[in-house]
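**Student:** This is the structure I want to talk about, given as C-alpha cells.
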Amino acid sequence: MDKTIDKQAFMALLHDNQTIMVGGFMACGTPETLIDWVVESGVGNLTIICNDAGFKDRGVGKLIANDQVKTLIASHIGLNPEAGAHMSAGTMQCELVPQGTLAERIRAHGAGLGGILTPTGVGTIVEEGKRVIETDGTKYLLELPLGADLALIDARVADRHGNLVYDKTARNFNPVMAMAAKTVVALAHETTATLDPENVVTPHVLVDHIVKEVG
Amino acid sequence: MDKTIDKQAFMALLHDNQTIMVGGFMACGTPETLIDWVVESGVGNLTIICNDAGFKDRGVGKLIANDQVKTLIASHIGLNPEAGAHMSAGTMQCELVPQGTLAERIRAHGAGLGGILTPTGVGTIVEEGKRVIETDGTKYLLELPLGADLALIDARVADRHGNLVYDKTARNFNPVMAMAAKTVVALAHETTATLDPENVVTPHVLVDHIVKEVG
Amino acid sequence: MDAKTIIARRVAQELSDGDLVNLGIGLPTLVANHIPDHIHVHLQSENGLIGLGPQPTEDKVDKNLTNAGAEYVTLKEGGMYFDSVTSFGIIRGGHVDVTVLGALEVDQHGSLASWIIPGKLVPGMGGAMDLVVGAKKVIVATTHTNKGRPKIKAACSLPLTAKEEVDMIVTELGVFHVNEDGLHLVERHPDISIETIIEQTDAPLIVGDVKLMEV
Amino acid sequence: MDAKTIIARRVAQELSDGDLVNLGIGLPTLVANHIPDHIHVHLQSENGLIGLGPQPTEDKVDKNLTNAGAEYVTLKEGGMYFDSVTSFGIIRGGHVDVTVLGALEVDQHGSLASWIIPGKLVPGMGGAMDLVVGAKKVIVATTHTNKGRPKIKAACSLPLTAKEEVDMIVTELGVFHVNEDGLHLVERHPDISIETIIEQTDAPLIVGDVKLMEV
C-alpha cells in the first residue's frame, strides 16, 4: 500500500479550526515543507501543539506570523518575539505546558491513558485549575491527554510500508505525535525499500501519509 | 568506565527479601545465566516482577521451583504448573496484573510519574482496592508505580559504555525494567566497542553492571 | 467443515485491507489461515512485533522470535520489533483495528469472561484486558457451547476480562452483533435453524433479517 | 576572574565521575569548560541526546544536531539519541544526577523562580520544571545580585519553577546549602567578607564553618 501523497492531496487534509501537532524543537525536526503548505493553504483558527513557537521565519512561527493560529500549546515561546506580540495583541492564546508534561500528555492520548500523575508543577501556577491527587503522602498533578486532528512530523527515512526513522536531535516530539493524531503525515527526506526491523522508531501502522521531500 | 562484573561480584548484589524485576516473555528474553546464579545463591523471600511465571525449568520458573519466591507480580502464570501449585500450597503469593498495566506501572516508576489512569480493568476484579478516577465522564483505574531493588535484563549487544540493544521479541519488558530499578544488571550475549547512536535502545546511564555471556 | 474452521473463516471476512489485527492464542490464531488473498492485514503479537509471519521450518527457528503463546514464528517483510510499553501503547491507544479472542463466557451486553475460573483455573489475564478495552473492534471467536452448555449468557457469571467491550460474536452456529439495544442474531449457519440457535443461547436474542453464513 | 567563570568553576567541582548532568542555557553551559580532566561526566541535552560534545567547527555543522538552546553541537563517542518522551522519562525518573540552572530568584527554602516575569517576560518554562523536580541534585548557578538587587530571597516573589527543590546555590560571592533548618553559607569568596554576603542576601543565613572558595 503506497502511502505517498502529493501537495494537492495534502492540501485537502487541511481545514479551519483544526488541532494540529507539529514535531520539532526550536524548528529542528519540524517538517518545513508541510508548514509552508499550511501557510499557503491559508486555513485559520488553528490550535497548534508544538514544543515551542519556533522562530519568526522557521517552524510553527511561520503560522503565527501569518495569523493562522488561534491557540498555541507549547513549553516555550521565548525565541519568537512574534508569539509574544500576538499574545499581547490578544490575537493568539498561549497555553504554556512544562516540556516533560507536554510529552506525557501527548503520549497519554496516543497510548490510551486517561491521564498521568506528575510531580512537575506542584506548588506553581501550573497547578491552577488542575486536580491534585495524593498517593503515599506525595502530591501530584493530574495531567490530561492531548490529541490532535492532524500530526505533521519530520522523518529522515520512510520505507515503502511507512516505517520511519529520524535524524539525531530532529527526533524529539515526532515519534510521540505519530501516536496521538487522527491523521499522521510524515515528511520523509529519503525513502528506501525496507528498514531494519530492529531500528524502526515509528511503526508503519501509525503513519497515514508520506510526503517525499523534493530537492 | 568498564561496567563488566564477574559471577562473584554479581552474587554480592543478591540478598534475601529483595524485589527483583526480570525481563522476558515466557522466558524469551530472560537472562538465564543470571537466573541460574540467583538459584545458586539461595537467596529467599524474593518478590519477583516479571511478565509471567516462565516454565518449570526456564525463566523465573526456576526460582519458583527452588522456593525462593515469596511474591510474584505477573500478568500470566498459565504455562508453569509449579506456580499454581505454590499458590495453592500457600508458599507463594501471586498478584496478577494486566500486561499493559504492568508495563505502564513499571514505566511510571522509571519515568517519575505518581501513577497512570488506565481504562484497563474497569468493572472487573482488577478494580478491587483501587481508586477509580473519572475524567470527562469516563472511569479509569489509578495504577501506581512499580519499582525494584534489582533488574535483571537480557541484551543482545552491550557496547563498552553500557549502551544496549536487544534481539527481536526478546526485547519485551527488558528496556522498561532498565529504567525502574535501583541497580540494573544486563546479561550481554555480545559486546562491541560502540553502537550506532541512532539505534541504542537503553542508554548506558541506566545500566549499572554488565555480565558477559560465556559460550 | 469443523466448527473451528467455520468460525475462523467467518472472522477472516471481517478484516479489511491495511488493518492491524491481534489474534488471541488458540482458535483465533486459525483466522490467519483464512484471510482472502486480496486483503493484506498486519498481525501484531503483543510480546513485541507487527508483521507476524507463519511458523518457521525447523532449521529456521530463532529462539528469540516468538509469539505471545511462546511459539516460534517469523517476521514478514516490512514488520518491526518493539518493547512491551510500545506494544501496549499501540493496543490501549486504539491503534489496533480488530482483536479476536476466545471466551469462557460472553454476554448480551458484550461483557467477556476469558481468564479465570476461580478455584480451578488461574492462568492470568495476560494482555487480554488491554486488548479488549483498546482495540477498535472486538470479535469473540468461540464454539457456541462448552460440553453442551451455552457460552453466550444474559450475564457472565465468571470474573470479567472487560465490561461491555465486545462488538461481535462468531460461533459455528451464527454471527451476533452487540448493539445498544441488545444482542442481534445477524447470520446463521445454513444447516441450523434460528430456533436451534435461540435454544442453545442463554441470552435474549433480537432476530431481524438473518443472513446465511458462508461455510 | 569574572563572576561567571568563578561560578562555573565552582559548580564543576560538584560533579563526580560517571554523573549524568544537565546544564541549563546561559551561565550553566559554561560549567562544561571547567570539568576536571580526571572526571568523566555525561551531559544530557533534553531535546534528545546524552553525550553532548563541544560546538562544531563551521564545516561540521549539522542542522539536525542541536542543543536545547538551538545551538549546533556535536555528539561524543558513546552518546546516543532519543525522543522527548524518553528524555523526560530520564529526567523526571531521577536518572539525572545533577542539574544546573540559572535563577531570577531563589529562596531560603530552595524554591526557584526562573521562567516568567508577569507582564514583562513570558518565555515559558521549557524543561526547567521537570529538571528541577526530577534531578537528584539541583544546583542554582547565578550571579549574586541583579543590578544590585539580591537574587537570594527569604521567599520568591515571582511565579515558581518548583517549590523547595533546590539543594545548592553557587554565586560569585559564595556557596549555599539548602537544608531542612534553613540556608547555610558554607563557602565564601576569599576576598569577600561574611558580612558583605549577609548584606547582599535577602534571606536569613545560617553561618557556621565557612570555607574559602577556590577561585
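By convention in this document, the chains of the C-alpha cells carry letters A, B, ... by their order, each chain's residues are numbered from 1, and ligands are numbered from 1 in the order they are shown.
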Quick check: residues of chain A within 7 Å of chain D, only C-alpha atoms, returned as a PyMOL selection string.

**Tutor:** chain A and resi 25-26+28-29+75-78+96+98-100+103-104+119-121+123-125+167-173+175

**Student:** Include N, CA and C atoms and write out the residues we just selected as a PDB file, in the first residue's frame.

**Tutor:**
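out34.pdb written:
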```pdb
ATOM      1  N   PHE A  25      11.845  20.899  17.658  1.00  0.00           N
ATOM      2  CA  PHE A  25      12.328  21.562  18.875  1.00  0.00           C
ATOM      3  C   PHE A  25      13.103  22.770  18.387  1.00  0.00           C
ATOM      4  N   MET A  26      12.565  23.941  18.617  1.00  0.00           N
ATOM      5  CA  MET A  26      13.152  25.164  18.047  1.00  0.00           C
ATOM      6  C   MET A  26      13.380  24.961  16.538  1.00  0.00           C
ATOM      7  N   CYS A  28      14.108  22.490  14.833  1.00  0.00           N
ATOM      8  CA  CYS A  28      14.921  21.325  14.444  1.00  0.00           C
ATOM      9  C   CYS A  28      14.006  20.108  14.477  1.00  0.00           C
ATOM     10  N   GLY A  29      13.773  19.516  13.297  1.00  0.00           N
ATOM     11  CA  GLY A  29      12.848  18.390  13.242  1.00  0.00           C
ATOM     12  C   GLY A  29      11.416  18.815  12.957  1.00  0.00           C
ATOM     13  N   SER A  75       5.764  24.617  25.301  1.00  0.00           N
ATOM     14  CA  SER A  75       6.511  24.746  26.559  1.00  0.00           C
ATOM     15  C   SER A  75       7.348  26.016  26.601  1.00  0.00           C
ATOM     16  N   HIS A  76       7.536  26.655  25.446  1.00  0.00           N
ATOM     17  CA  HIS A  76       8.492  27.762  25.380  1.00  0.00           C
ATOM     18  C   HIS A  76       8.184  28.598  24.148  1.00  0.00           C
ATOM     19  N   ILE A  77       8.205  29.923  24.316  1.00  0.00           N
ATOM     20  CA  ILE A  77       7.956  30.776  23.150  1.00  0.00           C
ATOM     21  C   ILE A  77       9.001  31.876  23.033  1.00  0.00           C
ATOM     22  N   GLY A  78      10.049  31.765  23.852  1.00  0.00           N
ATOM     23  CA  GLY A  78      10.986  32.871  24.038  1.00  0.00           C
ATOM     24  C   GLY A  78      11.791  33.278  22.814  1.00  0.00           C
ATOM     25  N   LEU A  96       0.944  27.495  28.202  1.00  0.00           N
ATOM     26  CA  LEU A  96       2.309  27.012  28.440  1.00  0.00           C
ATOM     27  C   LEU A  96       2.273  25.750  29.284  1.00  0.00           C
ATOM     28  N   PRO A  98       4.773  22.523  30.892  1.00  0.00           N
ATOM     29  CA  PRO A  98       6.155  22.031  31.073  1.00  0.00           C
ATOM     30  C   PRO A  98       6.480  20.964  30.022  1.00  0.00           C
ATOM     31  N   GLN A  99       7.695  21.000  29.530  1.00  0.00           N
ATOM     32  CA  GLN A  99       8.061  20.170  28.378  1.00  0.00           C
ATOM     33  C   GLN A  99       7.836  18.671  28.608  1.00  0.00           C
ATOM     34  N   GLY A 100       8.200  18.204  29.795  1.00  0.00           N
ATOM     35  CA  GLY A 100       8.001  16.785  30.099  1.00  0.00           C
ATOM     36  C   GLY A 100       6.527  16.446  30.218  1.00  0.00           C
ATOM     37  N   ALA A 103       5.071  16.213  26.710  1.00  0.00           N
ATOM     38  CA  ALA A 103       5.386  14.908  26.114  1.00  0.00           C
ATOM     39  C   ALA A 103       4.480  13.817  26.680  1.00  0.00           C
ATOM     40  N   GLU A 104       4.288  13.833  28.000  1.00  0.00           N
ATOM     41  CA  GLU A 104       3.463  12.787  28.628  1.00  0.00           C
ATOM     42  C   GLU A 104       1.981  12.930  28.275  1.00  0.00           C
ATOM     43  N   PRO A 119       4.777  14.992  39.327  1.00  0.00           N
ATOM     44  CA  PRO A 119       5.167  15.942  40.374  1.00  0.00           C
ATOM     45  C   PRO A 119       5.494  17.323  39.795  1.00  0.00           C
ATOM     46  N   THR A 120       5.680  17.378  38.480  1.00  0.00           N
ATOM     47  CA  THR A 120       6.087  18.624  37.825  1.00  0.00           C
ATOM     48  C   THR A 120       4.989  19.673  37.930  1.00  0.00           C
ATOM     49  N   GLY A 121       5.341  20.832  38.450  1.00  0.00           N
ATOM     50  CA  GLY A 121       4.390  21.932  38.523  1.00  0.00           C
ATOM     51  C   GLY A 121       3.640  22.055  39.837  1.00  0.00           C
ATOM     52  N   GLY A 123       2.746  23.159  43.329  1.00  0.00           N
ATOM     53  CA  GLY A 123       3.137  24.354  44.079  1.00  0.00           C
ATOM     54  C   GLY A 123       3.484  25.540  43.189  1.00  0.00           C
ATOM     55  N   THR A 124       3.199  25.420  41.886  1.00  0.00           N
ATOM     56  CA  THR A 124       3.440  26.532  40.955  1.00  0.00           C
ATOM     57  C   THR A 124       2.119  26.915  40.283  1.00  0.00           C
ATOM     58  N   ILE A 125       2.155  27.934  39.425  1.00  0.00           N
ATOM     59  CA  ILE A 125       0.902  28.327  38.766  1.00  0.00           C
ATOM     60  C   ILE A 125       0.424  27.280  37.763  1.00  0.00           C
ATOM     61  N   ASP A 167      16.339  11.708  12.438  1.00  0.00           N
ATOM     62  CA  ASP A 167      17.736  12.117  12.338  1.00  0.00           C
ATOM     63  C   ASP A 167      18.185  12.881  13.595  1.00  0.00           C
ATOM     64  N   LYS A 168      19.070  12.258  14.357  1.00  0.00           N
ATOM     65  CA  LYS A 168      19.706  12.906  15.521  1.00  0.00           C
ATOM     66  C   LYS A 168      18.678  13.605  16.422  1.00  0.00           C
ATOM     67  N   THR A 169      18.943  14.874  16.771  1.00  0.00           N
ATOM     68  CA  THR A 169      18.003  15.549  17.681  1.00  0.00           C
ATOM     69  C   THR A 169      16.761  16.072  16.960  1.00  0.00           C
ATOM     70  N   ALA A 170      16.652  15.812  15.671  1.00  0.00           N
ATOM     71  CA  ALA A 170      15.403  16.127  14.960  1.00  0.00           C
ATOM     72  C   ALA A 170      14.308  15.113  15.297  1.00  0.00           C
ATOM     73  N   ARG A 171      14.638  14.128  16.133  1.00  0.00           N
ATOM     74  CA  ARG A 171      13.639  13.139  16.526  1.00  0.00           C
ATOM     75  C   ARG A 171      12.606  13.785  17.463  1.00  0.00           C
ATOM     76  N   ASN A 172      13.053  14.287  18.575  1.00  0.00           N
ATOM     77  CA  ASN A 172      12.277  14.969  19.637  1.00  0.00           C
ATOM     78  C   ASN A 172      10.799  14.565  19.749  1.00  0.00           C
ATOM     79  N   PHE A 173       9.877  15.435  19.439  1.00  0.00           N
ATOM     80  CA  PHE A 173       8.451  15.140  19.649  1.00  0.00           C
ATOM     81  C   PHE A 173       7.817  14.355  18.495  1.00  0.00           C
ATOM     82  N   PRO A 175       8.120  11.189  17.180  1.00  0.00           N
ATOM     83  CA  PRO A 175       7.545   9.842  17.369  1.00  0.00           C
ATOM     84  C   PRO A 175       6.284   9.828  18.227  1.00  0.00           C
TER      85      PRO A 175
END
```

**Student:** Please give the complete set of residues from region 116-191 of chain B that DSSP, run on the backbone, assigns to alpha helix (DSSP H), formatted as a PyMOL selection string.

**Tutor:** chain B and resi 174-177

**Student:** With 6 Å as the cut-off and only C-alpha atoms counted, what is the closest atom pair between each nearby residue of chain A and chain B? Distances in Å to one decimal, ordered by chain and number, as JSON lines.

**Tutor:**
```
{"residue": "A:Leu113", "atom": "CA", "partner": "B:Thr118", "partner_atom": "CA", "distance": 5.0}
{"residue": "A:Gly114", "atom": "CA", "partner": "B:Leu117", "partner_atom": "CA", "distance": 4.8}
{"residue": "A:Gly115", "atom": "CA", "partner": "B:Leu117", "partner_atom": "CA", "distance": 5.2}
{"residue": "A:Ile116", "atom": "CA", "partner": "B:Ile116", "partner_atom": "CA", "distance": 4.4}
{"residue": "A:Leu117", "atom": "CA", "partner": "B:Gly114", "partner_atom": "CA", "distance": 4.8}
{"residue": "A:Thr118", "atom": "CA", "partner": "B:Leu113", "partner_atom": "CA", "distance": 5.0}
{"residue": "A:Asn199", "atom": "CA", "partner": "B:Asn199", "partner_atom": "CA", "distance": 5.8}
```

**Student:** For the selection just defined, write its residues with C-alpha atoms to a file, as a short mmCIF file (atom, residue, chain, number, x, y, z; two decimals), in the first residue's frame.

**Tutor:**
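File produced: out-v7.cif:
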```
data_model
loop_
_atom_site.label_atom_id
_atom_site.label_comp_id
_atom_site.auth_asym_id
_atom_site.auth_seq_id
_atom_site.Cartn_x
_atom_site.Cartn_y
_atom_site.Cartn_z
CA LEU A 113 -4.37 6.52 29.15
CA GLY A 114 -6.88 8.75 30.89
CA GLY A 115 -4.08 10.89 32.30
CA ILE A 116 -0.87 10.76 34.28
CA LEU A 117 0.19 11.95 37.72
CA THR A 118 3.27 14.13 37.62
CA ASN A 199 15.68 0.01 14.27
#
```

**Student:** Just give me the gap between CA of Leu183 (chain D) and CA of Val126 (chain A) in Å, one decimal is fine.

**Tutor:** 26.2 Å

**Student:** Can you list, as a count of residues only, all residues belonging to region 19-182 of chain C that DSSP tags as strand (DSSP E or B)?

**Tutor:** 56

**Student:** So that I can see what lies close to Ile35 (chain C), please list as JSON, numbers by chain the residues with an atom at most 9 Å from it, counting only C-alpha atoms and leaving out residues fewer than 2 positions away in the same chain.

**Tutor:** {"C": [9, 11, 12, 13, 15, 31, 32, 33, 37, 38, 39, 40, 41]}

**Student:** Distance CA of Thr99 (chain C)-CA of Val138 (chain C), one decimal place?

**Tutor:** 5.1 Å

**Student:** With distances taken over only C-alpha atoms, which residue among C:Leu212, C:Val207, C:Val21, C:Leu158 lies nearest Lys137 (chain C)?

**Tutor:**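 Answer, going by the shortest atom-to-atom distance: C:Val21.
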
**Student:** May I have the residues within 6 Å of region 32-45 of chain B as a JSON list (two decimals) with N, CA, C and O atoms, in the first residue's frame, using only C-alpha atoms and disregarding those fewer than 2 positions away in the same chain?

**Tutor:**
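Written out: result-v5.json:
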```json
[["chain", "number", "residue", "atom", "x", "y", "z"],
["B", 15, "HIS", "N", 20.42, -10.44, 47.83],
["B", 15, "HIS", "CA", 20.08, -10.51, 49.25],
["B", 15, "HIS", "C", 18.68, -11.10, 49.42],
["B", 15, "HIS", "O", 17.83, -10.95, 48.53],
["B", 16, "ASP", "N", 18.44, -11.69, 50.58],
["B", 16, "ASP", "CA", 17.08, -12.11, 50.92],
["B", 16, "ASP", "C", 16.16, -10.89, 50.88],
["B", 16, "ASP", "O", 16.60, -9.76, 51.10],
["B", 17, "ASN", "N", 14.90, -11.12, 50.61],
["B", 17, "ASN", "CA", 13.84, -10.09, 50.69],
["B", 17, "ASN", "C", 13.90, -9.03, 49.60],
["B", 17, "ASN", "O", 13.17, -8.05, 49.66],
["B", 30, "THR", "N", 14.69, -13.66, 28.81],
["B", 30, "THR", "CA", 15.07, -13.73, 30.23],
["B", 30, "THR", "C", 16.57, -14.08, 30.30],
["B", 30, "THR", "O", 17.02, -14.98, 29.59],
["B", 68, "GLN", "N", 12.23, -19.88, 46.18],
["B", 68, "GLN", "CA", 12.87, -18.62, 46.56],
["B", 68, "GLN", "C", 11.92, -17.42, 46.49],
["B", 68, "GLN", "O", 12.28, -16.33, 46.89],
["B", 69, "VAL", "N", 10.70, -17.65, 45.94],
["B", 69, "VAL", "CA", 9.81, -16.53, 45.65],
["B", 69, "VAL", "C", 8.67, -16.46, 46.65],
["B", 69, "VAL", "O", 7.87, -17.39, 46.78],
["B", 70, "LYS", "N", 8.62, -15.33, 47.35],
["B", 70, "LYS", "CA", 7.52, -15.09, 48.29],
["B", 70, "LYS", "C", 6.31, -14.54, 47.54],
["B", 70, "LYS", "O", 5.18, -14.95, 47.77]]
```

**Student:** Find the residues near Pro190 (chain D): any atom within 12 Å, counting only C-alpha atoms, skip ones fewer than 4 places away on the same chain, and give them as a count of residues only.

**Tutor:** 14
